[in-house]
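Worksheet: one structure, shown below.
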Amino acid sequence: MTDTTPQTPKPTKKPKAPKPLPKFRTIPKAVLEQLEKQAIPKEKAEKPVTRSGFVALIGRPNVGKSTLLNQLLGEKVAITSPVMQTTRHRIRGVMTEDGAQLIVLDTPGFSKPIDNLGTYIVDESQAGLREADFLVLVMDATEAPGDGDAWLVQQATMAEKPLILVLNKTDRLRQNLPLLNQRSEAYQGLFGMRKPVLTLRLSARTGKQVPVLKQQLLKLLPAGPAYYEADALTDQRMREMSAELIREQVLRLTSEELPHSVAIGIETFDETSDPERILIVATLYVNQTSQKPILVGAGASMIKAIGTYARKNIETLVGSKVHLDLTVKVKKNWRKDDNFLKTIGLALPS
Ligand SMILES: Nc1nc2c(ncn2[C@@H]2O[C@H](COP(=O)(O)OP(=O)(O)OP(=O)(O)O)[C@@H](O)[C@H]2O)c(=O)[nH]1
Ligand SMILES: [Mg+2]
């Protein structure tokens, strides 16, 4: 990640050491049993892991959850963009260090669903709340807390898990410490009796204070096995990550409704036919006929640009040459079509 933003000033107070976690796991028994099935038996684990756990990054759209996940891991596993609802799936990032394995769930930002895709997205965020031992609430310090934040704190409190409050984007307030202090107080004021075990001011973009968060998260882990191999970074497959990298370019290069109206289907992901080059054939589905010429662009300029940037990023990800073949198709009102959503992996189990 490029970082040209100057560093934030030192926080006025040192973060307090987190209070110890309750001994029990806060993941519902049925979910935990499911997760335990996935655990790697001790004798098979590459390095002995004695503590492990799941933490979910939750927050309103656009507050920087995915940027924070990438910073925590030091690798890009989630796409990020200034467009609301960039994340549609929950994604797991994995880090294994010094006998501990931390699994960080990046969740889609909470917002009111307006269609079937929206319902799926909210469900993915809710699952993040359930499937975590503790929660990191990410708030945007550049904005005053709103009703959405209050609602979110209420949801998180109801989940009865230890909470960590992260005030993000503090790099943008580095010239205005009084405002940052004011915001910090305002966000902390949203919590009733159930206060966060730790509040941290950081910048997911510059990385400022992110190592402190990581250290504290690792400290909070309860006893547990390894769920992933020691070198695993994420639960996503290359195929899914490639689709996301294509979507990231759509988010970056198009505007207005278009970013929300595009879904990516990977038709082919062929690593074997040509050992020198991976072949990826993908379809970009738009919601309405009128959107197709915009996504294709004059003389196919837009789709070519999306393909060129996405291919470079996919090549970095997979570590080999890629042939990327993109086609634009109209799938009317796909956001409301459960069958279609299922085919591209964006639907609730029926
Ligand atoms: N200045 C600044 N910008 C940030 C910081 N963290 C994230 N951003 C920017 O905020 C925008 C949203 O970041 P994301 O990480 O995609 O946000 P998100 O919370 O995952 O968003 P959704 O997936 O839509 O819920 C991007 O343009 C990021 O570059 C930060 O610490 N400082
Ligand atoms: Mg995101």
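In the structure tokens, the first chain shown is A, the next is B, and so on; residue numbers restart at 1 for each chain, and ligands run from 1 in the order shown.
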Nearby residues, ligand 2, 10 Å, only C-alpha atoms and all ligand atoms, as a compact mmCIF listing (two decimals) with C-alpha atoms, in the first residue's frame:
# COMPACT_ATOMS: atom_id res chain seq x y z
CA LEU A 57 -14.12 -5.71 12.36
CA ILE A 58 -17.52 -4.09 12.31
CA GLY A 59 -18.66 -0.59 11.51
CA ARG A 60 -20.59 1.63 9.16
CA PRO A 61 -19.73 1.53 5.44
CA ASN A 62 -16.56 3.31 4.40
CA VAL A 63 -14.99 3.70 7.84
CA GLY A 64 -11.88 1.75 6.78
CA LYS A 65 -12.47 -1.83 7.98
CA SER A 66 -10.95 -3.49 4.90
CA THR A 67 -8.02 -1.06 4.89
CA LEU A 68 -7.44 -1.99 8.53
CA LEU A 69 -7.55 -5.72 7.77
CA ALA A 78 -9.54 -7.23 0.84
CA ILE A 79 -10.38 -4.62 -1.75
CA THR A 80 -10.95 -1.06 -0.56
CA SER A 81 -12.53 2.02 -2.12
CA PRO A 82 -14.24 5.29 -1.25
CA VAL A 83 -17.52 3.80 -2.54
CA MET A 84 -20.02 2.67 0.11
CA GLN A 85 -20.55 -1.10 0.38
CA THR A 86 -17.26 -2.05 -1.16
CA THR A 87 -17.25 -5.27 0.85
CA ARG A 88 -20.10 -7.65 0.05
CA HIS A 89 -18.81 -10.85 1.71
CA ARG A 90 -17.21 -11.37 5.04
CA ILE A 91 -13.57 -12.19 4.55
CA ASP A 106 -13.68 -8.12 7.70
CA THR A 107 -17.42 -7.55 7.43
CA PRO A 108 -19.51 -5.40 5.08
CA GLY A 109 -20.51 -2.04 6.56
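Atom CA of Leu253 of chain A is positioned 11.1 Å from atom CA of Ser301 of chain A.
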Within 6 Å of segment 314-322 of chain A, counting only C-alpha atoms, which residues qualify if same-chain residues fewer than 3 places away don't, as a count of residues only?
5
Here atom CA of Glu43 of chain A and atom CA of Leu72 of chain A stand apart by 28.1 Å
With only C-alpha atoms counted and 12 Å as the cut-off, give the residues of segment 162-206 of chain A in contact with segment 117-133 of chain A, each with its shortest interatomic distance in Å and the pair that gives it, as CSV.
residue,atom,partner,partner_atom,distance
A:Pro162,CA,A:Asp133,CA,7.7
A:Leu163,CA,A:Asp133,CA,9.7
A:Ile164,CA,A:Asp133,CA,11.6
Write a file of the just-selected residues containing N, CA and C atoms, as a short mmCIF file (atom, residue, chain, number, x, y, z; two decimals), in the first residue's frame.
data_model
loop_
_atom_site.label_atom_id
_atom_site.label_comp_id
_atom_site.auth_asym_id
_atom_site.auth_seq_id
_atom_site.Cartn_x
_atom_site.Cartn_y
_atom_site.Cartn_z
N PRO A 162 -16.58 -8.97 24.34
CA PRO A 162 -15.70 -7.86 24.64
C PRO A 162 -15.54 -6.95 23.42
N LEU A 163 -15.57 -5.65 23.67
CA LEU A 163 -15.54 -4.69 22.57
C LEU A 163 -14.26 -3.87 22.61
N ILE A 164 -13.75 -3.59 21.43
CA ILE A 164 -12.61 -2.68 21.29
C ILE A 164 -13.07 -1.56 20.38
#
Leu326 of chain A surroundings by only C-alpha atoms, 9 Å radius, close-in-sequence under 2 positions cut, as a PyMOL selection string
chain A and resi 280-284+303-304+306-307+324+328
Write the residues of the selection above to a file with C-alpha atoms, as a tab-separated table (two decimals), in the first residue's frame.
chain	number	residue	atom	x	y	z
A	280	ILE	CA	-9.25	-16.05	-16.45
A	281	VAL	CA	-12.53	-15.49	-18.26
A	282	ALA	CA	-14.95	-13.23	-16.39
A	283	THR	CA	-18.34	-11.66	-17.01
A	284	LEU	CA	-19.27	-8.26	-15.65
A	303	ILE	CA	-13.57	-2.19	-20.11
A	304	LYS	CA	-10.01	-2.22	-21.50
A	306	ILE	CA	-10.59	-2.15	-16.05
A	307	GLY	CA	-8.96	-5.22	-17.61
A	324	LEU	CA	-7.77	-11.79	-18.58
A	328	VAL	CA	-20.10	-7.22	-20.18
May I have the residues within 8 Å of Gln71 of chain A as an NGL selection string, using only C-alpha atoms and disregarding those fewer than 3 positions away in the same chain?
:A and (67-68 or 74-76 or 204-205 or 207 or 210)
Could you take the residues named above and write them with N, CA and C atoms, as a PDB file, in the first residue's frame?
ATOM      1  N   THR A  67      -9.365  -1.643   4.878  1.00  0.00           N
ATOM      2  CA  THR A  67      -8.016  -1.057   4.895  1.00  0.00           C
ATOM      3  C   THR A  67      -7.296  -1.511   6.157  1.00  0.00           C
ATOM      4  N   LEU A  68      -8.034  -1.565   7.259  1.00  0.00           N
ATOM      5  CA  LEU A  68      -7.439  -1.991   8.528  1.00  0.00           C
ATOM      6  C   LEU A  68      -7.048  -3.466   8.485  1.00  0.00           C
ATOM      7  N   GLY A  74      -0.486  -6.865   6.751  1.00  0.00           N
ATOM      8  CA  GLY A  74       0.667  -6.436   5.954  1.00  0.00           C
ATOM      9  C   GLY A  74       0.578  -6.902   4.511  1.00  0.00           C
ATOM     10  N   GLU A  75      -0.593  -7.366   4.111  1.00  0.00           N
ATOM     11  CA  GLU A  75      -0.822  -7.841   2.732  1.00  0.00           C
ATOM     12  C   GLU A  75      -2.228  -7.443   2.336  1.00  0.00           C
ATOM     13  N   LYS A  76      -2.436  -7.299   1.023  1.00  0.00           N
ATOM     14  CA  LYS A  76      -3.784  -6.945   0.584  1.00  0.00           C
ATOM     15  C   LYS A  76      -4.618  -8.210   0.375  1.00  0.00           C
ATOM     16  N   ALA A 204      -5.663   3.490   9.665  1.00  0.00           N
ATOM     17  CA  ALA A 204      -5.503   2.255   8.894  1.00  0.00           C
ATOM     18  C   ALA A 204      -4.720   2.546   7.632  1.00  0.00           C
ATOM     19  N   ARG A 205      -4.831   3.778   7.121  1.00  0.00           N
ATOM     20  CA  ARG A 205      -4.137   4.106   5.875  1.00  0.00           C
ATOM     21  C   ARG A 205      -2.637   4.230   6.076  1.00  0.00           C
ATOM     22  N   GLY A 207      -1.024   3.332   8.862  1.00  0.00           N
ATOM     23  CA  GLY A 207      -0.522   2.250   9.705  1.00  0.00           C
ATOM     24  C   GLY A 207      -0.232   2.693  11.126  1.00  0.00           C
ATOM     25  N   VAL A 210      -1.405   0.820  14.316  1.00  0.00           N
ATOM     26  CA  VAL A 210      -1.957  -0.494  13.953  1.00  0.00           C
ATOM     27  C   VAL A 210      -1.176  -1.630  14.642  1.00  0.00           C
TER      28      VAL A 210
END
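Counting only C-alpha atoms and all ligand atoms and comparing A:Thr50, A:Gln182, A:Asn168, A:Thr96, the residue that lies closest to ligand 1 is A:Asn168.
For the atom pair formed by atom CA of Phe54 of chain A and atom CA of Leu233 of chain A, the distance is 14.0 Å, given to one decimal.
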Could you tell me which of A:Lys44, A:Asn339, A:Tyr309, A:Phe134 comes closest to Pro196 of chain A if we count only C-alpha atoms?
A:Phe134
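Using only C-alpha atoms and all ligand atoms, the smallest distance between any of A:Gly345, A:Pro259, A:Gly99, A:Gly299 and ligand 1 comes from A:Pro259.
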Among segment 89-272 of chain A, which residues does DSSP mark as helix (DSSP H, G or I) when it is run on the backbone? Keep the chain and numbering as in the structure and answer as a PyMOL selection string.
chain A and resi 116-130+147-158+170-173+177-188+210-220+238-253+258-261
Would you mind writing down, as an MDAnalysis selection string, each residue of segment 24-175 of chain A that DSSP on the backbone assigns to strand (DSSP E)?
chainID A and resid 51:59 91:97 100:106 134:140 163:168
Filtering to N, CA and C atoms, could you give me those residues as a compact mmCIF listing (two decimals), in the first residue's frame?
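Written file, out36.txt:
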# COMPACT_ATOMS: atom_id res chain seq x y z
N ARG A 51 -2.97 -20.63 21.44
CA ARG A 51 -4.05 -19.64 21.62
C ARG A 51 -4.55 -19.23 20.24
N SER A 52 -5.87 -19.10 20.14
CA SER A 52 -6.41 -18.67 18.86
C SER A 52 -7.79 -18.07 19.07
N GLY A 53 -8.23 -17.30 18.10
CA GLY A 53 -9.57 -16.73 18.23
C GLY A 53 -9.94 -15.88 17.04
N PHE A 54 -11.20 -15.52 17.05
CA PHE A 54 -11.79 -14.78 15.93
C PHE A 54 -12.17 -13.38 16.40
N VAL A 55 -11.76 -12.41 15.63
CA VAL A 55 -12.17 -11.03 15.94
C VAL A 55 -12.85 -10.47 14.70
N ALA A 56 -13.97 -9.78 14.89
CA ALA A 56 -14.66 -9.19 13.74
C ALA A 56 -14.47 -7.69 13.72
N LEU A 57 -14.17 -7.16 12.54
CA LEU A 57 -14.12 -5.71 12.36
C LEU A 57 -15.51 -5.30 11.92
N ILE A 58 -16.18 -4.51 12.72
CA ILE A 58 -17.52 -4.09 12.31
C ILE A 58 -17.62 -2.57 12.35
N GLY A 59 -18.53 -2.05 11.57
CA GLY A 59 -18.66 -0.59 11.51
C GLY A 59 -19.55 -0.20 10.35
N ILE A 91 -14.85 -11.62 4.99
CA ILE A 91 -13.57 -12.19 4.55
C ILE A 91 -12.74 -12.49 5.79
N ARG A 92 -12.06 -13.60 5.79
CA ARG A 92 -11.19 -13.89 6.92
C ARG A 92 -9.73 -13.64 6.56
N GLY A 93 -9.07 -12.90 7.40
CA GLY A 93 -7.62 -12.72 7.27
C GLY A 93 -6.99 -13.49 8.43
N VAL A 94 -5.86 -14.13 8.17
CA VAL A 94 -5.26 -14.99 9.19
C VAL A 94 -3.84 -14.55 9.50
N MET A 95 -3.49 -14.47 10.78
CA MET A 95 -2.06 -14.29 11.11
C MET A 95 -1.68 -15.25 12.24
N THR A 96 -0.52 -15.87 12.06
CA THR A 96 -0.05 -16.85 13.04
C THR A 96 1.32 -16.39 13.52
N GLU A 97 1.42 -16.13 14.80
CA GLU A 97 2.68 -15.61 15.35
C GLU A 97 2.89 -16.12 16.76
N ALA A 100 0.34 -18.18 18.52
CA ALA A 100 -1.03 -17.68 18.55
C ALA A 100 -1.54 -17.49 17.12
N GLN A 101 -2.81 -17.81 16.92
CA GLN A 101 -3.41 -17.57 15.59
C GLN A 101 -4.62 -16.66 15.75
N LEU A 102 -4.54 -15.52 15.07
CA LEU A 102 -5.64 -14.55 15.12
C LEU A 102 -6.34 -14.55 13.77
N ILE A 103 -7.64 -14.75 13.81
CA ILE A 103 -8.41 -14.71 12.57
C ILE A 103 -9.27 -13.46 12.60
N VAL A 104 -9.04 -12.58 11.62
CA VAL A 104 -9.75 -11.30 11.60
C VAL A 104 -10.82 -11.34 10.51
N LEU A 105 -12.05 -11.11 10.91
CA LEU A 105 -13.15 -11.10 9.94
C LEU A 105 -13.43 -9.67 9.51
N ASP A 106 -13.28 -9.42 8.24
CA ASP A 106 -13.68 -8.12 7.70
C ASP A 106 -15.13 -8.27 7.27
N PHE A 134 -14.40 -11.66 19.95
CA PHE A 134 -14.52 -10.27 20.37
C PHE A 134 -14.66 -9.38 19.15
N LEU A 135 -15.09 -8.15 19.39
CA LEU A 135 -15.45 -7.26 18.28
C LEU A 135 -14.61 -5.99 18.31
N VAL A 136 -14.17 -5.60 17.13
CA VAL A 136 -13.51 -4.30 17.00
C VAL A 136 -14.49 -3.39 16.27
N LEU A 137 -14.97 -2.38 16.95
CA LEU A 137 -15.88 -1.43 16.31
C LEU A 137 -15.05 -0.33 15.68
N VAL A 138 -15.12 -0.22 14.37
CA VAL A 138 -14.32 0.78 13.68
C VAL A 138 -15.20 2.00 13.41
N MET A 139 -14.77 3.15 13.88
CA MET A 139 -15.53 4.39 13.69
C MET A 139 -14.65 5.41 12.97
N ASP A 140 -15.29 6.25 12.18
CA ASP A 140 -14.56 7.27 11.41
C ASP A 140 -14.46 8.55 12.25
N LEU A 163 -15.57 -5.65 23.67
CA LEU A 163 -15.54 -4.69 22.57
C LEU A 163 -14.26 -3.87 22.61
N ILE A 164 -13.75 -3.59 21.43
CA ILE A 164 -12.61 -2.68 21.29
C ILE A 164 -13.07 -1.56 20.38
N LEU A 165 -12.85 -0.34 20.79
CA LEU A 165 -13.25 0.79 19.95
C LEU A 165 -12.03 1.33 19.21
N VAL A 166 -12.14 1.40 17.89
CA VAL A 166 -11.06 1.97 17.08
C VAL A 166 -11.56 3.24 16.41
N LEU A 167 -10.86 4.33 16.68
CA LEU A 167 -11.18 5.59 15.98
C LEU A 167 -10.22 5.68 14.82
N ASN A 168 -10.74 5.58 13.62
CA ASN A 168 -9.87 5.50 12.45
C ASN A 168 -9.79 6.86 11.73
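Among the candidates A:Ala223, A:Phe191, A:Ala232, A:Ala310, the residue lying nearest to Gln249 of chain A is A:Ala310 (atoms considered: only C-alpha atoms).
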Nearest-residue call for ligand 1, choices A:Leu202, A:Pro48, A:Glu256, A:Ser290, using only C-alpha atoms and all ligand atoms:
A:Leu202
Quick one: residues within 8 Å of Thr170 of chain A, only C-alpha atoms, excluding same-chain residues fewer than 5 positions away - as a ChimeraX atom specification?
/A:8,141-142,180,201-203
Which of A:Gln209, A:Thr268, A:Gln216, A:Asn333 sits closest to ligand 1 [using only C-alpha atoms and all ligand atoms]
A:Gln209
